[in-house]
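*Asks:* Please see the structure below; I have some questions.
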Amino acid sequence: MPELPDVEVFKQYVESTALHKKMDAVEIRSKDMLKNVSGREIKKALEGHQFVSADRHGKYLFLKTENTTWLVLHFGMTGFVTYFKDPTKEPAHNRLLIRFSNGYHLAYDCQRKLGEITLTEDPGLFAEERQLGLDALKPGFNLDRFKHILKNTASAVKSALMNQKYIAGIGNIYSDEILFQAGIHPDTKSKELNDDEIARLYNQAESVLKAAIEAHADPSRFPASFIMPHRRGDRTCLKCKGGIEKTKTGGRSAYYCPRCQERI
DNA sequence: ACATTGACCTGAGAGC
DNA sequence: TGCTCTCAGGTCAATG
């Protein structure tokens with residue numbers, strides 16, 4: 001779930017549910033998910049306060065309290081947030097539970113514990129410290145920047161797209177989708193791409209991510225042209241009706257259509 | 001300095 | 001059914 005579009009949807013979800021409500025109690029369910037922070041510090045930063053706004057950089061979600069501290073959430077491969085009233089609705093792998101004074105709860109669930117919970121005083125500084133590149137959908141990220149990145153790395157284009165130091169937000173699923181829409185093979189060396197191919201990738205990165213957000217990052221609502229819902233199951237490319245292949249690129253599984261995404 | 005690999009953690013699903 | 005094996009939408013430290 002949690003690549004840029006998913007986290008953007010989480011952000012919008014929190015904005016529409018959990019802002020401006022007093023937090024009565026915070027329960028840390030998995031201490032091992034806290035990074036550079038103690039449970040006591042988290043509780044102190046949140047209890048008695050309220051969230052007033054949310055922000056996102058790449059795959060990180062930031063929730064600001066009125067006392068200037070931000071709660072930082074990263075979702076690993078399996079994380080999500082959910083807002084609910086009925087205590088029996090608490091998700092199975094809840095790692096952080098916030099009880100609001102209105103009787104509702106916000107849970108951060110992360111089955112595989114590959115995510116992270118921490119605090120920051122400044123999301124911009126946090127992104128710098130973590131050496132995150134520019135967010136793929138935020139101002140500052142442009143074609144020139146993108147071209148510069150791709151021309152200056154020795155890695156496969158899929159790996160470059162997924163490298164959070166270069167561009168923040170794109171992961172395994174959406175890199176496959178962007179490459180498919182641009183008609184480029186995942187193993188193509190970034191350096192070997194020509195200007196036209198780079199422009200296609202750049203434009204597709206933007207439209208794929210935006211379309212996914214539009215569809216609430218819900219695969220069942222994705223545009224029919226997306227390859228993603230066909231990675232498993234029928235494994236059929238909608239463009240050419242041929243079979244979708246699977247390979248390994250940079251240690252991650254990559255799905256692609258060998259006819260529509262010819263290796264250069 | 002940069003790119004690639006393995007480790008981290010847990011559970012679901014496939015195959016026997 | 002129960003066991004084993006593989007894989008999973010991420011990142012970091014160790015390695016080349």
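How things are named: the first chain in the structure tokens is A, the next is B, and so on; residues count from 1 in each chain; ligands count from 1 in the order shown.
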Apply DSSP to the backbone of this structure and, from range 23-219 of chain A, keep only the residues in helix (DSSP H, G or I); write these as a PDB file with N, CA and C atoms, in the first residue's frame.

*Replies:*
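See out-v8.pdb below for the written result:
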ATOM      1  N   LYS A  31       6.794  -0.936  21.068  1.00  0.00           N
ATOM      2  CA  LYS A  31       7.899  -0.022  21.352  1.00  0.00           C
ATOM      3  C   LYS A  31       8.988  -0.068  20.299  1.00  0.00           C
ATOM      4  N   ASP A  32       9.171  -1.244  19.710  1.00  0.00           N
ATOM      5  CA  ASP A  32      10.263  -1.416  18.743  1.00  0.00           C
ATOM      6  C   ASP A  32      10.038  -0.642  17.452  1.00  0.00           C
ATOM      7  N   MET A  33       8.866  -0.020  17.301  1.00  0.00           N
ATOM      8  CA  MET A  33       8.652   0.773  16.091  1.00  0.00           C
ATOM      9  C   MET A  33       9.013   2.242  16.286  1.00  0.00           C
ATOM     10  N   GLY A  39       8.734   6.269  24.280  1.00  0.00           N
ATOM     11  CA  GLY A  39       7.279   6.272  24.416  1.00  0.00           C
ATOM     12  C   GLY A  39       6.827   7.450  25.262  1.00  0.00           C
ATOM     13  N   ARG A  40       7.631   7.767  26.256  1.00  0.00           N
ATOM     14  CA  ARG A  40       7.299   8.862  27.156  1.00  0.00           C
ATOM     15  C   ARG A  40       7.262  10.196  26.404  1.00  0.00           C
ATOM     16  N   GLU A  41       8.231  10.359  25.507  1.00  0.00           N
ATOM     17  CA  GLU A  41       8.279  11.598  24.717  1.00  0.00           C
ATOM     18  C   GLU A  41       7.078  11.711  23.769  1.00  0.00           C
ATOM     19  N   ILE A  42       6.696  10.594  23.192  1.00  0.00           N
ATOM     20  CA  ILE A  42       5.525  10.588  22.295  1.00  0.00           C
ATOM     21  C   ILE A  42       4.275  10.985  23.083  1.00  0.00           C
ATOM     22  N   LYS A  43       4.119  10.360  24.232  1.00  0.00           N
ATOM     23  CA  LYS A  43       2.933  10.654  25.051  1.00  0.00           C
ATOM     24  C   LYS A  43       2.918  12.111  25.483  1.00  0.00           C
ATOM     25  N   LYS A  44       4.082  12.585  25.872  1.00  0.00           N
ATOM     26  CA  LYS A  44       4.170  13.979  26.320  1.00  0.00           C
ATOM     27  C   LYS A  44       3.836  14.950  25.192  1.00  0.00           C
ATOM     28  N   ALA A  45       4.269  14.598  23.981  1.00  0.00           N
ATOM     29  CA  ALA A  45       4.036  15.490  22.835  1.00  0.00           C
ATOM     30  C   ALA A  45       2.575  15.497  22.399  1.00  0.00           C
ATOM     31  N   LEU A  46       1.873  14.390  22.646  1.00  0.00           N
ATOM     32  CA  LEU A  46       0.520  14.269  22.099  1.00  0.00           C
ATOM     33  C   LEU A  46      -0.607  14.419  23.131  1.00  0.00           C
ATOM     34  N   PRO A  87     -14.463   0.005  19.919  1.00  0.00           N
ATOM     35  CA  PRO A  87     -13.174  -0.602  20.275  1.00  0.00           C
ATOM     36  C   PRO A  87     -12.952  -1.966  19.616  1.00  0.00           C
ATOM     37  N   THR A  88     -14.018  -2.655  19.257  1.00  0.00           N
ATOM     38  CA  THR A  88     -13.839  -3.963  18.607  1.00  0.00           C
ATOM     39  C   THR A  88     -13.342  -3.812  17.172  1.00  0.00           C
ATOM     40  N   LYS A  89     -13.337  -2.566  16.665  1.00  0.00           N
ATOM     41  CA  LYS A  89     -12.868  -2.311  15.292  1.00  0.00           C
ATOM     42  C   LYS A  89     -11.356  -2.073  15.248  1.00  0.00           C
ATOM     43  N   PRO A 123       9.381  19.194   9.544  1.00  0.00           N
ATOM     44  CA  PRO A 123       9.382  18.177   8.487  1.00  0.00           C
ATOM     45  C   PRO A 123      10.425  18.430   7.402  1.00  0.00           C
ATOM     46  N   GLY A 124      10.672  19.693   7.075  1.00  0.00           N
ATOM     47  CA  GLY A 124      11.665  20.005   6.054  1.00  0.00           C
ATOM     48  C   GLY A 124      13.043  19.552   6.484  1.00  0.00           C
ATOM     49  N   LEU A 125      13.357  19.832   7.743  1.00  0.00           N
ATOM     50  CA  LEU A 125      14.641  19.431   8.309  1.00  0.00           C
ATOM     51  C   LEU A 125      14.744  17.912   8.397  1.00  0.00           C
ATOM     52  N   PHE A 126      13.629  17.313   8.786  1.00  0.00           N
ATOM     53  CA  PHE A 126      13.559  15.849   8.876  1.00  0.00           C
ATOM     54  C   PHE A 126      13.894  15.218   7.526  1.00  0.00           C
ATOM     55  N   ALA A 127      13.280  15.751   6.448  1.00  0.00           N
ATOM     56  CA  ALA A 127      13.522  15.229   5.102  1.00  0.00           C
ATOM     57  C   ALA A 127      14.989  15.390   4.720  1.00  0.00           C
ATOM     58  N   GLU A 128      15.579  16.495   5.138  1.00  0.00           N
ATOM     59  CA  GLU A 128      16.993  16.731   4.860  1.00  0.00           C
ATOM     60  C   GLU A 128      17.871  15.722   5.585  1.00  0.00           C
ATOM     61  N   GLU A 129      17.589  15.539   6.866  1.00  0.00           N
ATOM     62  CA  GLU A 129      18.371  14.604   7.673  1.00  0.00           C
ATOM     63  C   GLU A 129      18.304  13.188   7.124  1.00  0.00           C
ATOM     64  N   LEU A 143      11.293  18.646 -14.907  1.00  0.00           N
ATOM     65  CA  LEU A 143      11.929  17.798 -15.931  1.00  0.00           C
ATOM     66  C   LEU A 143      13.449  17.915 -15.926  1.00  0.00           C
ATOM     67  N   ASP A 144      13.976  19.132 -15.769  1.00  0.00           N
ATOM     68  CA  ASP A 144      15.432  19.321 -15.763  1.00  0.00           C
ATOM     69  C   ASP A 144      16.079  18.539 -14.629  1.00  0.00           C
ATOM     70  N   ARG A 145      15.448  18.631 -13.484  1.00  0.00           N
ATOM     71  CA  ARG A 145      15.910  17.939 -12.297  1.00  0.00           C
ATOM     72  C   ARG A 145      15.918  16.420 -12.524  1.00  0.00           C
ATOM     73  N   PHE A 146      14.820  15.974 -13.079  1.00  0.00           N
ATOM     74  CA  PHE A 146      14.619  14.547 -13.364  1.00  0.00           C
ATOM     75  C   PHE A 146      15.684  14.044 -14.351  1.00  0.00           C
ATOM     76  N   LYS A 147      15.912  14.826 -15.384  1.00  0.00           N
ATOM     77  CA  LYS A 147      16.896  14.472 -16.404  1.00  0.00           C
ATOM     78  C   LYS A 147      18.284  14.382 -15.772  1.00  0.00           C
ATOM     79  N   HIS A 148      18.594  15.358 -14.942  1.00  0.00           N
ATOM     80  CA  HIS A 148      19.881  15.388 -14.265  1.00  0.00           C
ATOM     81  C   HIS A 148      20.086  14.128 -13.427  1.00  0.00           C
ATOM     82  N   ILE A 149      19.061  13.735 -12.713  1.00  0.00           N
ATOM     83  CA  ILE A 149      19.126  12.545 -11.865  1.00  0.00           C
ATOM     84  C   ILE A 149      19.411  11.310 -12.703  1.00  0.00           C
ATOM     85  N   LEU A 150      18.636  11.129 -13.771  1.00  0.00           N
ATOM     86  CA  LEU A 150      18.768   9.912 -14.580  1.00  0.00           C
ATOM     87  C   LEU A 150      20.090   9.848 -15.347  1.00  0.00           C
ATOM     88  N   LYS A 151      20.583  11.005 -15.765  1.00  0.00           N
ATOM     89  CA  LYS A 151      21.838  11.030 -16.529  1.00  0.00           C
ATOM     90  C   LYS A 151      23.049  10.753 -15.633  1.00  0.00           C
ATOM     91  N   VAL A 157      16.825   2.009 -14.571  1.00  0.00           N
ATOM     92  CA  VAL A 157      15.865   3.094 -14.403  1.00  0.00           C
ATOM     93  C   VAL A 157      14.849   2.796 -13.295  1.00  0.00           C
ATOM     94  N   LYS A 158      14.456   1.537 -13.153  1.00  0.00           N
ATOM     95  CA  LYS A 158      13.502   1.213 -12.080  1.00  0.00           C
ATOM     96  C   LYS A 158      14.096   1.512 -10.707  1.00  0.00           C
ATOM     97  N   SER A 159      15.352   1.126 -10.518  1.00  0.00           N
ATOM     98  CA  SER A 159      16.017   1.405  -9.245  1.00  0.00           C
ATOM     99  C   SER A 159      16.139   2.900  -8.996  1.00  0.00           C
ATOM    100  N   ALA A 160      16.435   3.650 -10.072  1.00  0.00           N
ATOM    101  CA  ALA A 160      16.576   5.106  -9.928  1.00  0.00           C
ATOM    102  C   ALA A 160      15.254   5.731  -9.519  1.00  0.00           C
ATOM    103  N   LEU A 161      14.175   5.285 -10.145  1.00  0.00           N
ATOM    104  CA  LEU A 161      12.852   5.829  -9.804  1.00  0.00           C
ATOM    105  C   LEU A 161      12.498   5.565  -8.349  1.00  0.00           C
ATOM    106  N   MET A 162      12.957   4.402  -7.845  1.00  0.00           N
ATOM    107  CA  MET A 162      12.604   4.004  -6.485  1.00  0.00           C
ATOM    108  C   MET A 162      13.555   4.538  -5.426  1.00  0.00           C
ATOM    109  N   ASN A 172       7.869   0.229  -5.437  1.00  0.00           N
ATOM    110  CA  ASN A 172       7.897  -0.878  -6.393  1.00  0.00           C
ATOM    111  C   ASN A 172       6.692  -0.914  -7.332  1.00  0.00           C
ATOM    112  N   ILE A 173       5.514  -0.745  -6.798  1.00  0.00           N
ATOM    113  CA  ILE A 173       4.299  -0.820  -7.622  1.00  0.00           C
ATOM    114  C   ILE A 173       4.223   0.328  -8.613  1.00  0.00           C
ATOM    115  N   TYR A 174       4.386   1.526  -8.129  1.00  0.00           N
ATOM    116  CA  TYR A 174       4.212   2.679  -9.017  1.00  0.00           C
ATOM    117  C   TYR A 174       5.372   2.860  -9.992  1.00  0.00           C
ATOM    118  N   SER A 175       6.547   2.382  -9.648  1.00  0.00           N
ATOM    119  CA  SER A 175       7.627   2.428 -10.638  1.00  0.00           C
ATOM    120  C   SER A 175       7.269   1.508 -11.809  1.00  0.00           C
ATOM    121  N   ASP A 176       6.710   0.332 -11.505  1.00  0.00           N
ATOM    122  CA  ASP A 176       6.263  -0.564 -12.583  1.00  0.00           C
ATOM    123  C   ASP A 176       5.211   0.120 -13.458  1.00  0.00           C
ATOM    124  N   GLU A 177       4.280   0.792 -12.806  1.00  0.00           N
ATOM    125  CA  GLU A 177       3.191   1.422 -13.550  1.00  0.00           C
ATOM    126  C   GLU A 177       3.706   2.549 -14.437  1.00  0.00           C
ATOM    127  N   ILE A 178       4.589   3.365 -13.910  1.00  0.00           N
ATOM    128  CA  ILE A 178       5.144   4.493 -14.668  1.00  0.00           C
ATOM    129  C   ILE A 178       5.945   3.977 -15.871  1.00  0.00           C
ATOM    130  N   LEU A 179       6.736   2.933 -15.641  1.00  0.00           N
ATOM    131  CA  LEU A 179       7.536   2.363 -16.732  1.00  0.00           C
ATOM    132  C   LEU A 179       6.647   1.751 -17.813  1.00  0.00           C
ATOM    133  N   PHE A 180       5.587   1.113 -17.393  1.00  0.00           N
ATOM    134  CA  PHE A 180       4.657   0.522 -18.372  1.00  0.00           C
ATOM    135  C   PHE A 180       3.995   1.621 -19.201  1.00  0.00           C
ATOM    136  N   GLN A 181       3.502   2.649 -18.538  1.00  0.00           N
ATOM    137  CA  GLN A 181       2.813   3.732 -19.255  1.00  0.00           C
ATOM    138  C   GLN A 181       3.764   4.472 -20.198  1.00  0.00           C
ATOM    139  N   ALA A 182       5.043   4.514 -19.824  1.00  0.00           N
ATOM    140  CA  ALA A 182       6.020   5.211 -20.668  1.00  0.00           C
ATOM    141  C   ALA A 182       6.615   4.276 -21.715  1.00  0.00           C
ATOM    142  N   SER A 190      19.568   3.961 -16.724  1.00  0.00           N
ATOM    143  CA  SER A 190      19.080   5.346 -16.728  1.00  0.00           C
ATOM    144  C   SER A 190      19.838   6.220 -17.719  1.00  0.00           C
ATOM    145  N   LYS A 191      21.154   6.021 -17.742  1.00  0.00           N
ATOM    146  CA  LYS A 191      22.034   6.836 -18.590  1.00  0.00           C
ATOM    147  C   LYS A 191      21.739   6.692 -20.070  1.00  0.00           C
ATOM    148  N   GLU A 192      21.203   5.528 -20.438  1.00  0.00           N
ATOM    149  CA  GLU A 192      20.981   5.246 -21.856  1.00  0.00           C
ATOM    150  C   GLU A 192      19.668   5.806 -22.387  1.00  0.00           C
ATOM    151  N   ASP A 195      16.299  11.910 -24.497  1.00  0.00           N
ATOM    152  CA  ASP A 195      15.477  13.001 -23.947  1.00  0.00           C
ATOM    153  C   ASP A 195      13.980  12.728 -24.074  1.00  0.00           C
ATOM    154  N   ASP A 196      13.612  12.119 -25.179  1.00  0.00           N
ATOM    155  CA  ASP A 196      12.188  11.831 -25.393  1.00  0.00           C
ATOM    156  C   ASP A 196      11.678  10.818 -24.369  1.00  0.00           C
ATOM    157  N   GLU A 197      12.484   9.801 -24.124  1.00  0.00           N
ATOM    158  CA  GLU A 197      12.089   8.763 -23.157  1.00  0.00           C
ATOM    159  C   GLU A 197      12.030   9.343 -21.744  1.00  0.00           C
ATOM    160  N   ILE A 198      12.978  10.191 -21.432  1.00  0.00           N
ATOM    161  CA  ILE A 198      12.977  10.821 -20.112  1.00  0.00           C
ATOM    162  C   ILE A 198      11.742  11.695 -19.936  1.00  0.00           C
ATOM    163  N   ALA A 199      11.386  12.426 -20.980  1.00  0.00           N
ATOM    164  CA  ALA A 199      10.193  13.278 -20.908  1.00  0.00           C
ATOM    165  C   ALA A 199       8.934  12.434 -20.731  1.00  0.00           C
ATOM    166  N   ARG A 200       8.895  11.309 -21.429  1.00  0.00           N
ATOM    167  CA  ARG A 200       7.738  10.412 -21.292  1.00  0.00           C
ATOM    168  C   ARG A 200       7.635   9.899 -19.853  1.00  0.00           C
ATOM    169  N   LEU A 201       8.767   9.495 -19.306  1.00  0.00           N
ATOM    170  CA  LEU A 201       8.777   8.997 -17.926  1.00  0.00           C
ATOM    171  C   LEU A 201       8.336  10.080 -16.946  1.00  0.00           C
ATOM    172  N   TYR A 202       8.847  11.258 -17.166  1.00  0.00           N
ATOM    173  CA  TYR A 202       8.520  12.374 -16.277  1.00  0.00           C
ATOM    174  C   TYR A 202       7.011  12.661 -16.301  1.00  0.00           C
ATOM    175  N   ASN A 203       6.469  12.740 -17.515  1.00  0.00           N
ATOM    176  CA  ASN A 203       5.038  13.024 -17.643  1.00  0.00           C
ATOM    177  C   ASN A 203       4.184  11.906 -17.073  1.00  0.00           C
ATOM    178  N   GLN A 204       4.613  10.657 -17.298  1.00  0.00           N
ATOM    179  CA  GLN A 204       3.843   9.529 -16.780  1.00  0.00           C
ATOM    180  C   GLN A 204       3.930   9.440 -15.255  1.00  0.00           C
ATOM    181  N   ALA A 205       5.090   9.805 -14.711  1.00  0.00           N
ATOM    182  CA  ALA A 205       5.220   9.784 -13.248  1.00  0.00           C
ATOM    183  C   ALA A 205       4.141  10.677 -12.650  1.00  0.00           C
ATOM    184  N   GLU A 206       4.014  11.860 -13.192  1.00  0.00           N
ATOM    185  CA  GLU A 206       3.028  12.798 -12.667  1.00  0.00           C
ATOM    186  C   GLU A 206       1.599  12.291 -12.871  1.00  0.00           C
ATOM    187  N   SER A 207       1.299  11.840 -14.090  1.00  0.00           N
ATOM    188  CA  SER A 207      -0.095  11.464 -14.325  1.00  0.00           C
ATOM    189  C   SER A 207      -0.484  10.164 -13.620  1.00  0.00           C
ATOM    190  N   VAL A 208       0.456   9.229 -13.521  1.00  0.00           N
ATOM    191  CA  VAL A 208       0.141   7.975 -12.817  1.00  0.00           C
ATOM    192  C   VAL A 208      -0.124   8.247 -11.336  1.00  0.00           C
ATOM    193  N   LEU A 209       0.756   9.018 -10.717  1.00  0.00           N
ATOM    194  CA  LEU A 209       0.598   9.289  -9.282  1.00  0.00           C
ATOM    195  C   LEU A 209      -0.693  10.060  -9.017  1.00  0.00           C
ATOM    196  N   LYS A 210      -0.971  11.042  -9.871  1.00  0.00           N
ATOM    197  CA  LYS A 210      -2.199  11.831  -9.688  1.00  0.00           C
ATOM    198  C   LYS A 210      -3.449  10.990  -9.911  1.00  0.00           C
ATOM    199  N   ALA A 211      -3.403  10.131 -10.928  1.00  0.00           N
ATOM    200  CA  ALA A 211      -4.565   9.277 -11.201  1.00  0.00           C
ATOM    201  C   ALA A 211      -4.807   8.322 -10.034  1.00  0.00           C
ATOM    202  N   ALA A 212      -3.721   7.834  -9.440  1.00  0.00           N
ATOM    203  CA  ALA A 212      -3.853   6.899  -8.319  1.00  0.00           C
ATOM    204  C   ALA A 212      -4.477   7.595  -7.106  1.00  0.00           C
ATOM    205  N   ILE A 213      -4.072   8.833  -6.866  1.00  0.00           N
ATOM    206  CA  ILE A 213      -4.648   9.596  -5.749  1.00  0.00           C
ATOM    207  C   ILE A 213      -6.134   9.843  -6.020  1.00  0.00           C
ATOM    208  N   GLU A 214      -6.394  10.225  -7.261  1.00  0.00           N
ATOM    209  CA  GLU A 214      -7.780  10.445  -7.707  1.00  0.00           C
ATOM    210  C   GLU A 214      -8.657   9.230  -7.404  1.00  0.00           C
ATOM    211  N   PRO A 219      -6.937   0.028  -6.044  1.00  0.00           N
ATOM    212  CA  PRO A 219      -6.719  -0.626  -7.338  1.00  0.00           C
ATOM    213  C   PRO A 219      -8.012  -0.894  -8.107  1.00  0.00           C
TER     214      PRO A 219
END

*Asks:* Give me the residues near Lys113 in chain A as a JSON list (two decimals) with N, CA and C atoms (P, O5', C5', C4', C3', O3' and C1' of nucleotides), in the first residue's frame, where near means some atom within 12 Å (using only C-alpha atoms (C1' of nucleotides)) and where sequence neighbours in that chain fewer than 5 positions away do not count.

*Replies:*
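File produced: around-v3.json:
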[["chain", "number", "residue", "atom", "x", "y", "z"],
["A", 29, "ARG", "N", 1.83, 0.41, 21.40],
["A", 29, "ARG", "CA", 1.62, -1.03, 21.43],
["A", 29, "ARG", "C", 2.87, -1.79, 21.02],
["A", 30, "SER", "N", 3.74, -1.17, 20.24],
["A", 30, "SER", "CA", 4.98, -1.81, 19.82],
["A", 30, "SER", "C", 6.13, -0.83, 19.95],
["A", 31, "LYS", "N", 6.79, -0.94, 21.07],
["A", 31, "LYS", "CA", 7.90, -0.02, 21.35],
["A", 31, "LYS", "C", 8.99, -0.07, 20.30],
["A", 32, "ASP", "N", 9.17, -1.24, 19.71],
["A", 32, "ASP", "CA", 10.26, -1.42, 18.74],
["A", 32, "ASP", "C", 10.04, -0.64, 17.45],
["A", 33, "MET", "N", 8.87, -0.02, 17.30],
["A", 33, "MET", "CA", 8.65, 0.77, 16.09],
["A", 33, "MET", "C", 9.01, 2.24, 16.29],
["A", 34, "LEU", "N", 9.35, 2.60, 17.51],
["A", 34, "LEU", "CA", 9.76, 3.98, 17.77],
["A", 34, "LEU", "C", 11.20, 4.16, 17.34],
["A", 35, "LYS", "N", 11.49, 5.26, 16.66],
["A", 35, "LYS", "CA", 12.86, 5.49, 16.22],
["A", 35, "LYS", "C", 13.36, 6.83, 16.77],
["A", 73, "LEU", "N", 4.98, 9.49, 10.79],
["A", 73, "LEU", "CA", 4.65, 8.09, 10.55],
["A", 73, "LEU", "C", 5.18, 7.64, 9.20],
["A", 74, "HIS", "N", 5.84, 6.49, 9.21],
["A", 74, "HIS", "CA", 6.23, 5.84, 7.96],
["A", 74, "HIS", "C", 5.56, 4.48, 7.99],
["A", 75, "PHE", "N", 5.13, 3.99, 6.81],
["A", 75, "PHE", "CA", 4.24, 2.83, 6.79],
["A", 75, "PHE", "C", 4.88, 1.52, 6.35],
["A", 76, "GLY", "N", 6.18, 1.55, 6.07],
["A", 76, "GLY", "CA", 6.83, 0.31, 5.64],
["A", 76, "GLY", "C", 6.08, -0.29, 4.47],
["A", 77, "MET", "N", 5.89, -1.60, 4.50],
["A", 77, "MET", "CA", 5.19, -2.25, 3.39],
["A", 77, "MET", "C", 3.75, -2.55, 3.74],
["A", 78, "THR", "N", 3.40, -2.45, 5.00],
["A", 78, "THR", "CA", 2.08, -2.94, 5.41],
["A", 78, "THR", "C", 1.30, -1.98, 6.29],
["A", 79, "GLY", "N", 1.76, -0.74, 6.41],
["A", 79, "GLY", "CA", 1.12, 0.16, 7.36],
["A", 79, "GLY", "C", -0.10, 0.89, 6.83],
["A", 80, "PHE", "N", -0.96, 1.32, 7.75],
["A", 80, "PHE", "CA", -2.10, 2.18, 7.41],
["A", 80, "PHE", "C", -2.62, 2.83, 8.69],
["A", 93, "HIS", "N", -2.99, -5.44, 13.95],
["A", 93, "HIS", "CA", -1.57, -5.22, 14.25],
["A", 93, "HIS", "C", -1.35, -3.77, 14.64],
["A", 94, "ASN", "N", -2.18, -3.32, 15.53],
["A", 94, "ASN", "CA", -2.13, -1.94, 15.97],
["A", 94, "ASN", "C", -0.84, -1.67, 16.74],
["A", 95, "ARG", "N", -0.08, -0.67, 16.32],
["A", 95, "ARG", "CA", 1.19, -0.35, 16.99],
["A", 95, "ARG", "C", 1.11, 0.93, 17.80],
["A", 96, "LEU", "N", 0.10, 1.77, 17.48],
["A", 96, "LEU", "CA", -0.05, 3.04, 18.19],
["A", 96, "LEU", "C", -1.53, 3.39, 18.22],
["A", 108, "TYR", "N", -2.57, 3.28, 14.30],
["A", 108, "TYR", "CA", -1.54, 3.09, 13.28],
["A", 108, "TYR", "C", -1.22, 1.62, 13.30],
["B", 8, "DC", "P", 18.94, -10.42, 10.81],
["B", 8, "DC", "O5'", 17.71, -9.40, 10.95],
["B", 8, "DC", "C5'", 17.96, -8.05, 11.35],
["B", 8, "DC", "C4'", 16.73, -7.23, 11.06],
["B", 8, "DC", "C3'", 15.43, -7.85, 11.58],
["B", 8, "DC", "O3'", 15.03, -7.19, 12.77],
["B", 8, "DC", "C1'", 15.19, -6.80, 9.44],
["B", 9, "DC", "P", 14.30, -8.14, 13.88],
["B", 9, "DC", "O5'", 12.83, -8.25, 13.30],
["B", 9, "DC", "C5'", 11.93, -7.17, 13.47],
["B", 9, "DC", "C4'", 10.65, -7.49, 12.75],
["B", 9, "DC", "C3'", 10.03, -8.83, 13.15],
["B", 9, "DC", "O3'", 8.93, -8.57, 14.01],
["B", 9, "DC", "C1'", 9.88, -8.40, 10.80],
["B", 10, "DT", "P", 8.25, -9.84, 14.76],
["B", 10, "DT", "O5'", 7.10, -10.22, 13.73],
["B", 10, "DT", "C5'", 6.07, -9.30, 13.46],
["B", 10, "DT", "C4'", 5.24, -9.80, 12.31],
["B", 10, "DT", "C3'", 4.60, -11.15, 12.54],
["B", 10, "DT", "O3'", 3.21, -10.92, 12.73],
["B", 10, "DT", "C1'", 5.46, -10.92, 10.32],
["B", 11, "DG", "P", 2.20, -12.13, 13.00],
["B", 11, "DG", "O5'", 1.68, -12.47, 11.54],
["B", 11, "DG", "C5'", 1.09, -11.42, 10.80],
["B", 11, "DG", "C4'", 0.82, -11.88, 9.40],
["B", 11, "DG", "C3'", -0.03, -13.15, 9.29],
["B", 11, "DG", "O3'", -1.02, -12.88, 8.34],
["B", 11, "DG", "C1'", 1.91, -13.36, 7.98],
["C", 10, "DG", "P", 7.75, -0.31, -1.67],
["C", 10, "DG", "O5'", 8.09, -0.59, -0.16],
["C", 10, "DG", "C5'", 7.41, 0.13, 0.87],
["C", 10, "DG", "C4'", 8.41, 0.67, 1.86],
["C", 10, "DG", "C3'", 9.58, 1.41, 1.21],
["C", 10, "DG", "O3'", 9.85, 2.60, 1.95],
["C", 10, "DG", "C1'", 10.38, -0.45, 2.43],
["C", 11, "DT", "P", 11.07, 3.57, 1.45],
["C", 11, "DT", "O5'", 12.30, 3.10, 2.35],
["C", 11, "DT", "C5'", 12.20, 3.33, 3.74],
["C", 11, "DT", "C4'", 13.31, 2.65, 4.49],
["C", 11, "DT", "C3'", 14.70, 3.24, 4.20],
["C", 11, "DT", "O3'", 15.19, 3.63, 5.46],
["C", 11, "DT", "C1'", 14.75, 0.88, 4.16]]

*Asks:* Select from chain A every residue with an atom at most 7 Å from any atom of chain B, then for each give the shortest pair of atoms and their distance in Å to one decimal, using only C-alpha atoms (C1' of nucleotides), rows by chain and rising number, as JSON lines.

*Replies:*
{"residue": "A:Gln111", "atom": "CA", "partner": "B:DT10", "partner_atom": "C1'", "distance": 6.3}
{"residue": "A:Arg112", "atom": "CA", "partner": "B:DT10", "partner_atom": "C1'", "distance": 4.7}
{"residue": "A:Lys113", "atom": "CA", "partner": "B:DC9", "partner_atom": "C1'", "distance": 5.8}
{"residue": "A:Leu114", "atom": "CA", "partner": "B:DC9", "partner_atom": "C1'", "distance": 6.6}
{"residue": "A:Ser155", "atom": "CA", "partner": "B:DA3", "partner_atom": "C1'", "distance": 6.8}

*Asks:* Run DSSP on the backbone and give me the residues of range 107-229 of chain A it puts in strand (DSSP E or B), as an MDAnalysis selection string.

*Replies:* chainID A and resid 107:110 116:120 134:135 156 167:168 189
